[in-house]
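Here is the structure we will look at.
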Amino acid sequence: MSRLAERFRHGGIFVWFSGALLAFCLAMILSLVGFIVAKGMGYFWPRSLVQVQTQEGLVLGEITGHEPAHGEETEKVQFRTANRDIYGQDFRWIPGAGMGTPDYPKDALLIERLEYGPFIGRIASLSHEGQQVASGAPALAEALKRLPEANRIRHQIQSIEKGQVGDLNRRIEKVRTNRRRLEAKGNEAALKALDAEAAGLQVAYDQLQASLEKIRAEAKAWSLNLETVDGKQKELPLGSVVRVVQANAMGTLDKLGVYLSRLWEFMADDPRESNTEGGIFPAIFGTVMMVLVMSVLVVPLGVITALYLREYAKQGWLVRAVRVAVNNLAGVPSIVFGVFGLGFFVYGLGGSIDKLFFADSLPTPTYGTGGILWASLTLALLTVPVVVVATEEALGAVPRSQREASLAMGATKWQTLWNVVIPSATPGILTGLILAIARGAGEVAPLMLTGVVKLAPAMPLDGTFPFLHLDRKFMHLGFHIYDVGFQSPNSEAAKPMVFMTAFLLLVVVVILNLFALNLRRKLRERLGGSTF
Amino acid sequence: MEIDDPRPVPEPAQLQVPPPETGLRPTSFVTPGLPLTDPAVLTSPTMLQVERLNLYYGSKQALFDVDLKVARNSVMSFIGPSGCGKSTLLRCLNRMNDLIDDVRIEGRVLLGDTDLYAPGTDVIALRKRAGMVFQKSNPFPKSIFENVAYGLRIQGESDFKVLEEAVERSLKGAGLWDEVKDRLKDSAQGLSGGQQQRLCIARALAVRPEVILMDEPCSALDPIATARVEELILELKREFTIVIVTHNMQQAARVSDHTAFFWMGKLIETGLTEKMFTNPGHRMTEDYITGRFG
């Protein structure tokens, strides 16, 4: 008893207790990340294609699930048979009882294509403009040889559609709105000049379409005749093939190659098939961009607020009330901020901007609809309390002796704040920014109301003037997770994609934080000795 | 901005305790080697004049009817037990007490011909004329160069040549140039304590003030650094008028031409240092100087 009392007195028990709790928290975080990584990272590894004889005929596919016998239910195996266009579904449950011995045919292929998800089966033959060129194994070899060229053509078409065609469309649209404005004024000469310009643009547009048609025809010239394991035929233009995976014939090194190429596609490409396939680059870009714009907005907002509260406002009940209110703002549910952003920023502010500056293109809204600017502003409001609190702390931690030194030199209060106090407080302000980023990057609900979309046609930052398009809608990793996981018609197939996207979101948040941490470290070194 | 209340709290009980300097006899201050009164200061005109100054922190009075004159190009030291109001008076001389809430000041302080507390006085301009060095060295978290150039920069000087010149002149004036001339871009907070304090002096010199106010500038320094600052004070006297608050009797005796002794917010006695330390006119002064206080 007395030994226990002794231990209590020395606090050893509490040290153990707090250590254990810390370990528990760490274990939870690690298992969270580990779980996401394990679920997501395996997605890109090529799996073996299994062929079995069942009562319903031959089945070929990847084994994705297994359910042991349970009461009345018999044992079942889940196959990803793919070929959604032929079977109408990607997955099939097959009773384990009547299943023959599994076979791993070397010539079985998984073909990733632009539409309907992957195809699993074999190549029957290869044709050029309807003429069969090769069949069987030589067809596969020939197809593999021609695939890079077909992919190059496809990318060319995409880049023309996205770049030149989009650019021309925007210019035509601009001429149209200009014309509408001039019509109201009745300026004949200017109208004629505009008509000429419009005609010129139309000619350029037609030419571009013609050359596109030509390239498209070229892309369709080669096509594959595919055959499923149960003998159904399917023709597929070589231009629609993304990747051919000979899952059962590959060694580990080849599989690693496929893995890396899929990983790269995931991070660098645009999404396909209502986001369940392809890459998520626009979402990564949109997330980072939104956080950056938010940071640019939240820092001045928070710092100036804190500066006034701490340095200029007369400390009294009013300031205390404001401080409490600001702190409480941090506890308001984020969806409330989203509603506010929609009502105030999008409809109110954006609508007024449209009326004042973009009246020509109404009723099509320019700023009066969700966009990255409004989303970032909403998140800036959401995270401003964190910055205010951190900045106030940092300002309070600047030694009085330094303020006095500056004032005694004949500096005004503002000069003292600007030259001495704020630089010393910068690391503390950055701490606030780091917390704000951590909160803002993971927020989804308010974004859904203020500018995030499932698929954004163009990025908020690109090569067309004025390069930064804050009025555009954007994609976001957090929303992508929700959309792919819960809103997609094929969420079973997209499940690993959800984990992978979640993992990437974590990585993006960590990288943004590391960036801010590094900035803070450098500033601290420069300030030397400062403890904040 | 809120600044902690530095108001001195005179504790009569505390005054019973003898100050740390013990066993000293008045004669020990005028042993050969100590500077005798500089004849020049006897004739130099008045630089600073305090007339019937009363200062209140709220309802509590901290200074009582202080009358004082400081001669140009002389060193005046303020001595007295803790909380006697000497730092408060020093901070009145460049209106640093303005930064404290509910301070009330009556009386006049003249810097040259300017009445510091006349309505409409430009406090900012005034502080440029009366530089200050604090008890604890407080360099800004900037480079050595930027610390010294600070005063000129806030006055709007941006010509690098002018700044460079002023920095060199001030650092030389503070006896720091040879030690730091190769690392002006380094952080000032990497300097030693004594160097930092001399940097603060250089920073005050850069704006060419008329008066330098020093609030116990050596209390955080080791004896060697203290000696250097004291030498510096004697050097600076040629160009500036200096008022120094000190707890160190020997320091007052070594560096100052005049000494003022304060007790409980009252100026008990002021006069030539030589006279104060050898033949004080007031019993209390003698007791304090000799460490027999109370």
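Residues are named by chain letter and number: chains run A, B, ... in the order of the structure tokens, numbers start at 1 in each chain, and ligands are numbered from 1 in the order shown.
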Next on the checklist: Quick check: residues of chain B within 6 Å of chain A, only C-alpha atoms, returned as number ranges by chain.
Outcome noted: B: 1, 124, 127-128, 138, 141, 151
Next, write the just-selected residues to a file, as a compact mmCIF listing (two decimals), in the first residue's frame, keeping N, CA and C atoms as the atom set.
# COMPACT_ATOMS: atom_id res chain seq x y z
N MET B 1 -1.53 48.82 -27.37
CA MET B 1 -0.47 47.98 -26.80
C MET B 1 -0.51 48.10 -25.29
N ILE B 124 7.51 61.87 -31.20
CA ILE B 124 8.40 61.09 -32.07
C ILE B 124 9.69 61.86 -32.32
N ARG B 127 11.89 61.98 -29.18
CA ARG B 127 12.62 60.75 -28.83
C ARG B 127 13.85 60.58 -29.69
N LYS B 128 13.82 61.18 -30.86
CA LYS B 128 15.01 61.12 -31.71
C LYS B 128 16.14 61.95 -31.09
N ASN B 138 18.82 44.88 -25.79
CA ASN B 138 17.64 44.44 -26.54
C ASN B 138 17.80 44.68 -28.04
N PRO B 141 15.84 41.37 -33.64
CA PRO B 141 16.25 40.13 -34.32
C PRO B 141 16.56 40.40 -35.79
N GLY B 151 17.30 53.28 -36.84
CA GLY B 151 16.80 54.63 -36.56
C GLY B 151 16.73 55.48 -37.80
Item to check | Shell of 8 Å around range 231-244 of chain B, only C-alpha atoms, local chain residues under 5 positions omitted, as a list in words | outcome: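 That gives Met47, Ala71, Arg72, Asn73, Ser74, Val75, Met76, Ser77, Phe78, Leu90, Gly173, Ala174, Gly175, Pro209, Glu210, Val211, Ile212, Leu213, Met214, Asp215, Glu216, Pro217 and Val255 of chain B.
Restricting the calculation to only C-alpha atoms, the smallest distance between Met41 in chain A and any of A:Leu263, A:Ile437, A:Ala493, A:Ile153 is found for A:Leu263.
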Next on the checklist: One decimal, in Å: what's the spacing between CA of Gly112 in chain B and CA of Val50 in chain B?
Outcome noted: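 Result for CA of Gly112 in chain B versus CA of Val50 in chain B: 11.2 Å, one decimal.
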Closest pair table for range 396-475 of chain A residues within 10 Å of range 342-353 of chain A, only C-alpha atoms, as JSON lines:
{"residue": "A:Pro446", "atom": "CA", "partner": "A:Leu342", "partner_atom": "CA", "distance": 8.7}
{"residue": "A:Leu447", "atom": "CA", "partner": "A:Leu342", "partner_atom": "CA", "distance": 9.4}
{"residue": "A:Met448", "atom": "CA", "partner": "A:Leu342", "partner_atom": "CA", "distance": 9.7}
{"residue": "A:Leu449", "atom": "CA", "partner": "A:Leu342", "partner_atom": "CA", "distance": 6.0}
{"residue": "A:Thr450", "atom": "CA", "partner": "A:Leu342", "partner_atom": "CA", "distance": 5.5}
{"residue": "A:Gly451", "atom": "CA", "partner": "A:Val346", "partner_atom": "CA", "distance": 8.9}
{"residue": "A:Asp471", "atom": "CA", "partner": "A:Gly350", "partner_atom": "CA", "distance": 9.3}
Hey, can you spit out that residue selection with N, CA and C atoms as a CSV table (one decimal), in the first residue's frame?
chain,number,residue,atom,x,y,z
A,446,PRO,N,-18.2,22.5,-47.4
A,446,PRO,CA,-18.5,23.8,-47.9
A,446,PRO,C,-18.1,24.0,-49.4
A,447,LEU,N,-17.1,23.2,-49.8
A,447,LEU,CA,-16.7,23.3,-51.2
A,447,LEU,C,-17.7,22.9,-52.1
A,448,MET,N,-18.5,21.8,-51.7
A,448,MET,CA,-19.5,21.3,-52.6
A,448,MET,C,-20.6,22.4,-53.0
A,449,LEU,N,-20.7,23.4,-52.1
A,449,LEU,CA,-21.7,24.4,-52.3
A,449,LEU,C,-21.1,25.6,-53.1
A,450,THR,N,-19.7,25.7,-53.0
A,450,THR,CA,-19.2,26.9,-53.5
A,450,THR,C,-18.2,26.8,-54.7
A,451,GLY,N,-18.1,25.6,-55.3
A,451,GLY,CA,-17.3,25.6,-56.5
A,451,GLY,C,-16.7,24.3,-56.9
A,471,ASP,N,-12.4,32.4,-61.5
A,471,ASP,CA,-13.9,32.2,-61.6
A,471,ASP,C,-14.2,30.7,-61.9
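For the atom pair formed by CA of Gln196 in chain B and CA of Arg169 in chain B, the distance is 16.8 Å, given to one decimal.
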Item to check | Contacts of range 242-245 of chain A within 10 Å, only C-alpha atoms, excl. fewer than 6 positions in-chain, as a PyMOL selection string | outcome: chain A and resi 46-47+108-114+118-120+140+143-144+147-148+150-151+154+254-255+258+261-262+278
Next on the checklist: Residues within 7 Å of Glu51 in chain B, please, as a list in words. Count only C-alpha atoms; anything in the same chain fewer than 5 positions from it doesn't count.
Outcome noted: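 The neighbour list is Val66, Asp67, Leu68, Gly107, Arg108 and Val109 of chain B.
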Checklist entry - Which residues in range 39-277 of chain A does DSSP call helix (DSSP H, G or I)? List them as a ChimeraX atom specification. => result /A:39-44,84-87,137-185,188-221,238-240,252-268
Checklist entry - DSSP says strand (DSSP E) for which residues of range 221-469 of chain A? Put them as a list in words? => result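 Put together, the selection reads Trp222, Ser223, Leu224, Asn225, Leu226, Glu227, Gln233, Lys234, Glu235, Leu236, Pro237, Val241, Val242, Arg243, Val244, Val245, Pro271, Arg272, Glu277 and Gly278 of chain A.
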Residues of the last selection are to be written out with C-alpha atoms, as a PDB file, in the first residue's frame.
ATOM      1  CA  TRP A 222      -6.479  -0.211 -86.876  1.00  0.00           C
ATOM      2  CA  SER A 223      -8.810  -2.293 -84.831  1.00  0.00           C
ATOM      3  CA  LEU A 224      -8.709  -5.390 -82.678  1.00  0.00           C
ATOM      4  CA  ASN A 225     -11.171  -8.234 -82.758  1.00  0.00           C
ATOM      5  CA  LEU A 226     -11.545  -9.428 -79.215  1.00  0.00           C
ATOM      6  CA  GLU A 227     -13.025 -12.618 -77.941  1.00  0.00           C
ATOM      7  CA  GLN A 233     -16.871 -11.150 -80.131  1.00  0.00           C
ATOM      8  CA  LYS A 234     -16.106  -7.477 -79.753  1.00  0.00           C
ATOM      9  CA  GLU A 235     -14.384  -5.031 -82.070  1.00  0.00           C
ATOM     10  CA  LEU A 236     -12.200  -2.346 -80.493  1.00  0.00           C
ATOM     11  CA  PRO A 237     -10.255   0.401 -82.320  1.00  0.00           C
ATOM     12  CA  VAL A 241      -6.724   0.835 -76.010  1.00  0.00           C
ATOM     13  CA  VAL A 242      -4.838   2.315 -73.083  1.00  0.00           C
ATOM     14  CA  ARG A 243      -2.794  -0.655 -72.027  1.00  0.00           C
ATOM     15  CA  VAL A 244      -2.558  -4.382 -72.750  1.00  0.00           C
ATOM     16  CA  VAL A 245      -1.600  -6.470 -69.735  1.00  0.00           C
ATOM     17  CA  PRO A 271     -10.049  11.032 -65.117  1.00  0.00           C
ATOM     18  CA  ARG A 272     -12.109   8.779 -67.394  1.00  0.00           C
ATOM     19  CA  GLU A 277     -10.672   5.275 -64.044  1.00  0.00           C
ATOM     20  CA  GLY A 278      -7.723   7.192 -65.331  1.00  0.00           C
TER      21      GLY A 278
END
Next on the checklist: Please compute the CA of Trp177 in chain B-CA of Ala149 in chain B distance, one decimal, in Å.
Outcome noted: 13.9 Å
Next on the checklist: Could you list, as a PyMOL selection string, every residue within 8 Å of range 104-106 of chain A, counting only C-alpha atoms and ignoring same-chain residues fewer than 3 positions away?
Outcome noted: chain A and resi 48-51+246-249
Next on the checklist: For a quick check of understanding, using only C-alpha atoms, which of A:Ala359, A:Met290, A:Asn169, A:Trp317 has the smallest distance to Val444 in chain A?
Outcome noted: A:Met290
Item to check | Distance query Glu173 in chain A at most 12 Å, only C-alpha atoms, self and fewer than 5 positions along chain excluded, as number ranges by chain | outcome: A: 166-168, 178-180, 194, 197-198, 201-202, 360-361, 364
Next on the checklist: Using only C-alpha atoms, which protein or nucleic acid residues come within 8 Å of Met264 in chain B? Drop anything in the same chain fewer than 4 positions from it, and give the result as a ChimeraX atom specification.
Outcome noted: /B:10,62-63,83-85
